[in-house]
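Each remark here refers to the structure printed beneath this line.
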Amino acid sequence: MTSLPGRGVSPSSSDPLCEGNAAPSSSSSGQDLKQSKNSILSCVFSSPFSIFEAHQDSLAHKSLKPPSGSYAWSRLLRRIACTGSMWRFLGASKALTSSDVWFLGKCYKLSSEELSNSSDCESGNAAFLEDFSSRIWITYRKGFGAISDSKYTSDVNWGCMVRSSQMLVAQALIFHHLGRSWRKPSQKPYSPEYVGILHMFGDSEACAFSIHNLLQAGKSYGLAAGSWVGPYAMCRAWQTLVRTNREHHEAVDGNGNFPMALYVVSGDEDGERGGAPVVCIDVAAQLCCDFNKGQSTWSPILLLVPLVLGLDKLNPRYIPLLKETFTFPQSLGILGGKPGTSTYIAGVQDDRVLYLDPHEVQLAVDIAADNLEADTSSYHCSTVRDLALDLIDPSLAIGFYCRDKDDFDDFCSRASELVDKANGAPLFTVVQSVQPSKQMYNEEGSSGDGMDSINVEGFDGSCETGEEEWQIL
């Protein structure tokens with residue numbers, strides 16, 4: 001899209017193609033044609049690909065004859081997907097080029113040879129759109145209970161960083177419980193895992209990862225209702241919330257509700273502020289051990305890497321490196337966007353990023369964890385938006401999810417290769433162990449996620465032990 005919708009705009013009025021807002025189906029002459037058409041469109045409209053009816057006018061201009069059977073309708077839909085039309089109707093500022101799209105570690109081939117072969121198109125445009133619209137989309141909400149002791153019942157105009165971070169963490173939970181290949185099913189009942197994840201991001205204190213609880217957890221980092229916050233503080237808020245939730249649940253039932261270790265990767269204490277963060281393999285191993293309550297086995301781990309890649313604008317030397325992070329199978333995307341406007345960046349093509357936009361206002365919804373028939377349409381959107389990479393704010397955070405030790409080793413190998421390509425200015429580095437002088441834990445040991453106190457507020461899952469060495473961004 002040439003411009004983003006203004007804040008406070010309802011998706012139902014500005015984005016007719018977001019799931020749940022499809023245009024009504026037109027009547028068709030001929031009973032056989034109507035039945036065959038409905039058999040296809042019922043599947044299409046129950047998925048995020050509500051594009052056919054919106055596309056009818058353009059088909060009429062091209063004098064396309066109505067197909068006579070369900071197979072012909074499938075071919076027609078595939079034909080639409082293989083042209084630029086779907087992209088335009090789904091909100092991209094232009095039809096994407098034939099270059100590869102990298103989306104959360106998966107490559108979608110859109111070569112000219114593929115586009116000319118209809119049998120391959122589903123593995124390109126259509127498959128990407130299905131993947132994109134299956135990602136969890138979390139936006140501004142209005143009409144929820146007041147946040148803490150404030151009067152705020154909406155996060156419009158200030159909560160975009162919180163919402164972007166919720167999207168990234170939600171994808172980590174989807175990948176963990178349902179796998180990278182999961183796609184939102186077209187029929188109910190939904191799986192308990194999927195509904196349970198959405199429930200955790202509801203807008204009330206009863207929901208583990210709500211905006212209410214994130215703001216409470218991030219108070220010491222400047223989070224407050226009505227105030228915008230940067231990615232570094234947001235990562236620390238998640239760290240505090242995960243630790244607090246785990247301690248609470250372990251005290252109640254012996255189990256936590258966050259199924260992985262969390263590692264907020266900070267910079268080398270010998271470097272300058274905002275310098276390249278350091279992934280310490282031994283620290284990650286200790287966090288996994290602590291997550292497993294002292295067992296030596298590896299656990300799934302979420303890595304959040306806050307970065308500062310320039311002063312007023314992104315340093316161009318980092319652009320190729322940022323692009324390559326989307327090729328990592330462990331990629332969870334980026335918290336970032338234009339200055340003062342956070343989005344969830346989940347893909348890249350050429351020098352443009354593809355993102356999910358939280359700046360649309362929706363009514364607050366309450367999805368019960370056991371309601372497998374819930375309406376989840378407000379958590380998905382098919383609108384693909386794009387932005388030039390060199391326009392994103394230099395203050396951002398990258399996320400990675402590693403399922404097991406082999407996956408983490410693969411991540412470290414790819415990250416080390418990326419360092420070799422950085423010409424002395426890496427995004428982050430990887431080391432085996434921290435310096436002996438850096439005490440990581442107190443003598444009493446650490447809690448379930450390795451982030452309990454040690455001479456300061458707490459071990460943060462990084463190579464740092466002092467919060468004062470970091471600038472809140």
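Residue names in the structure tokens use chain letters A, B, ... in the order shown, residue numbers from 1 in each chain, and ligand numbers from 1 in the order shown.
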### Residues near A:Arg414, cut-off 9 Å, only C-alpha atoms, skip fewer than 4 positions along chain, as a VMD selection string
chain A and resid 325 328 409 to 410 418 to 419
Let's have the selection written as a CSV table (one decimal), in the first residue's frame, with N, CA and C atoms.
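To be explicit, this is the file written out as again21.csv:
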```csv
chain,number,residue,atom,x,y,z
A,325,THR,N,19.1,-12.7,8.0
A,325,THR,CA,18.5,-13.4,9.2
A,325,THR,C,17.2,-14.0,8.9
A,328,PHE,N,17.3,-17.8,8.1
A,328,PHE,CA,17.6,-18.7,9.2
A,328,PHE,C,16.3,-19.5,9.4
A,409,ASP,N,22.6,-25.3,17.6
A,409,ASP,CA,23.9,-25.4,16.9
A,409,ASP,C,23.8,-24.9,15.5
A,410,ASP,N,22.8,-25.2,14.8
A,410,ASP,CA,22.6,-24.8,13.4
A,410,ASP,C,22.5,-23.2,13.4
A,418,LEU,N,27.4,-15.4,9.3
A,418,LEU,CA,27.0,-14.1,9.1
A,418,LEU,C,28.0,-13.1,9.6
A,419,VAL,N,28.7,-13.4,10.7
A,419,VAL,CA,29.7,-12.5,11.2
A,419,VAL,C,30.8,-12.4,10.2
```
### Message
Would you pick out the contacts of A:Gly310 at 12 Å or less, using only C-alpha atoms, so that residues sharing its chain but fewer than 4 positions from it are not included, and give the list as a list of chain:residue names?
### Response
A:Arg273, A:Gly274, A:Gly275, A:Ala276, A:Leu314, A:Asn315, A:Pro316, A:Arg317, A:Tyr318, A:Ile319, A:Asp390, A:Leu391, A:Ile392, A:Asp393, A:Pro394, A:Ser395, A:Leu396, A:Ala425, A:Leu427
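Residue nearest A:Val361 within the list A:Ala415, A:Tyr344, A:Phe209, A:Tyr379: A:Tyr379 [criterion: smallest interatomic distance, only C-alpha atoms].
Secondary structure from DSSP on the backbone puts strand (DSSP E) at the following positions of stretch 178-348 of chain A: Ala261, Leu262, Tyr263, Val264, Val278, Val279, Cys280, Ile301, Leu302, Leu303, Leu304, Val305, Pro306, Leu307, Val308, Ser331, Leu332, Gly333, Ile334, Leu335, Gly336, Thr343, Tyr344, Ile345, Ala346, Gly347 and Val348 of chain A.
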Take the residues from that selection and put them in a file with N, CA and C atoms, as an mmCIF file, in the first residue's frame.
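Wrote again14.cif, looks like this:
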```cif
data_model
loop_
_atom_site.group_PDB
_atom_site.id
_atom_site.type_symbol
_atom_site.label_atom_id
_atom_site.label_comp_id
_atom_site.auth_asym_id
_atom_site.auth_seq_id
_atom_site.Cartn_x
_atom_site.Cartn_y
_atom_site.Cartn_z
ATOM 1 N N ALA A 261 13.000 -21.750 27.395
ATOM 2 C CA ALA A 261 13.860 -20.777 28.055
ATOM 3 C C ALA A 261 13.846 -19.479 27.258
ATOM 4 N N LEU A 262 14.119 -18.370 27.921
ATOM 5 C CA LEU A 262 14.169 -17.062 27.258
ATOM 6 C C LEU A 262 15.527 -16.429 27.491
ATOM 7 N N TYR A 263 16.159 -16.011 26.401
ATOM 8 C CA TYR A 263 17.512 -15.460 26.436
ATOM 9 C C TYR A 263 17.484 -14.097 25.753
ATOM 10 N N VAL A 264 17.592 -13.030 26.538
ATOM 11 C CA VAL A 264 17.730 -11.688 25.974
ATOM 12 C C VAL A 264 19.213 -11.416 25.811
ATOM 13 N N VAL A 278 26.347 -10.339 22.190
ATOM 14 C CA VAL A 278 27.128 -11.568 22.163
ATOM 15 C C VAL A 278 26.265 -12.741 22.623
ATOM 16 N N VAL A 279 26.066 -13.700 21.742
ATOM 17 C CA VAL A 279 25.371 -14.933 22.099
ATOM 18 C C VAL A 279 26.384 -15.861 22.755
ATOM 19 N N CYS A 280 26.220 -16.117 24.044
ATOM 20 C CA CYS A 280 27.132 -16.979 24.787
ATOM 21 C C CYS A 280 26.532 -18.388 24.860
ATOM 22 N N ILE A 301 14.427 -22.841 23.215
ATOM 23 C CA ILE A 301 14.872 -21.540 23.711
ATOM 24 C C ILE A 301 14.484 -20.444 22.727
ATOM 25 N N LEU A 302 13.999 -19.340 23.273
ATOM 26 C CA LEU A 302 13.667 -18.144 22.508
ATOM 27 C C LEU A 302 14.755 -17.113 22.743
ATOM 28 N N LEU A 303 15.355 -16.630 21.660
ATOM 29 C CA LEU A 303 16.380 -15.599 21.755
ATOM 30 C C LEU A 303 15.819 -14.281 21.242
ATOM 31 N N LEU A 304 15.946 -13.237 22.044
ATOM 32 C CA LEU A 304 15.583 -11.881 21.649
ATOM 33 C C LEU A 304 16.852 -11.047 21.625
ATOM 34 N N VAL A 305 17.127 -10.425 20.482
ATOM 35 C CA VAL A 305 18.382 -9.707 20.291
ATOM 36 C C VAL A 305 18.088 -8.241 19.983
ATOM 37 N N PRO A 306 18.043 -7.363 21.004
ATOM 38 C CA PRO A 306 17.852 -5.933 20.731
ATOM 39 C C PRO A 306 19.112 -5.322 20.125
ATOM 40 N N LEU A 307 18.912 -4.460 19.137
ATOM 41 C CA LEU A 307 20.038 -3.886 18.403
ATOM 42 C C LEU A 307 19.837 -2.389 18.195
ATOM 43 N N VAL A 308 20.955 -1.675 18.048
ATOM 44 C CA VAL A 308 20.951 -0.281 17.610
ATOM 45 C C VAL A 308 21.892 -0.209 16.426
ATOM 46 N N SER A 331 14.242 -18.203 12.325
ATOM 47 C CA SER A 331 13.804 -16.811 12.290
ATOM 48 C C SER A 331 12.393 -16.619 12.837
ATOM 49 N N LEU A 332 12.255 -15.609 13.697
ATOM 50 C CA LEU A 332 10.951 -15.166 14.186
ATOM 51 C C LEU A 332 10.651 -13.739 13.749
ATOM 52 N N GLY A 333 11.515 -13.169 12.911
ATOM 53 C CA GLY A 333 11.277 -11.827 12.421
ATOM 54 C C GLY A 333 11.849 -10.748 13.318
ATOM 55 N N ILE A 334 11.354 -9.529 13.115
ATOM 56 C CA ILE A 334 11.932 -8.334 13.729
ATOM 57 C C ILE A 334 10.845 -7.459 14.324
ATOM 58 N N LEU A 335 11.124 -6.924 15.517
ATOM 59 C CA LEU A 335 10.324 -5.832 16.067
ATOM 60 C C LEU A 335 10.917 -4.544 15.531
ATOM 61 N N GLY A 336 10.204 -3.871 14.676
ATOM 62 C CA GLY A 336 10.747 -2.653 14.098
ATOM 63 C C GLY A 336 9.757 -2.011 13.148
ATOM 64 N N THR A 343 6.140 -2.221 13.983
ATOM 65 C CA THR A 343 5.398 -3.251 13.274
ATOM 66 C C THR A 343 6.090 -4.593 13.528
ATOM 67 N N TYR A 344 5.455 -5.663 13.082
ATOM 68 C CA TYR A 344 6.078 -6.985 13.169
ATOM 69 C C TYR A 344 6.556 -7.369 11.775
ATOM 70 N N ILE A 345 7.847 -7.258 11.555
ATOM 71 C CA ILE A 345 8.456 -7.545 10.254
ATOM 72 C C ILE A 345 8.750 -9.038 10.184
ATOM 73 N N ALA A 346 8.119 -9.716 9.221
ATOM 74 C CA ALA A 346 8.220 -11.177 9.177
ATOM 75 C C ALA A 346 8.820 -11.708 7.885
ATOM 76 N N GLY A 347 9.085 -10.854 6.914
ATOM 77 C CA GLY A 347 9.616 -11.341 5.652
ATOM 78 C C GLY A 347 10.354 -10.257 4.898
ATOM 79 N N VAL A 348 10.988 -10.658 3.810
ATOM 80 C CA VAL A 348 11.757 -9.711 3.001
ATOM 81 C C VAL A 348 11.771 -10.178 1.554
#
```
### Distance query A:Ala368 at most 10 Å, only C-alpha atoms, self and fewer than 3 positions along chain excluded, as a PyMOL selection string
chain A and resi 195-196+198-200+202+207+365+371-374
### For A:His248, the nearest of the candidates A:Gly337, A:Leu104, A:Ile197, A:Ala208, counting only C-alpha atoms
A:Ala208
### Query
What is the atom CA of A:Thr327-atom CA of A:Lys421 distance in Å, reported with one decimal?
14.5 Å
### Task
Between atom CA of A:Thr383 and atom CA of A:Leu363, measure the distance and give it in Å to one decimal.
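Between atom CA of A:Thr383 and atom CA of A:Leu363 the gap works out to 18.7 Å.
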### Message
I'd like to know which residues of stretch 364-435 of chain A are alpha helix (DSSP H) (by DSSP, run on the backbone); could you write them as a list in words?
### Response
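Alpha helix (DSSP H) members of stretch 364-435 of chain A, listed: Lys405, Asp406, Asp407, Phe408, Asp409, Asp410, Phe411, Cys412, Ser413, Arg414, Ala415, Ser416, Glu417, Leu418, Val419 and Asp420 of chain A.
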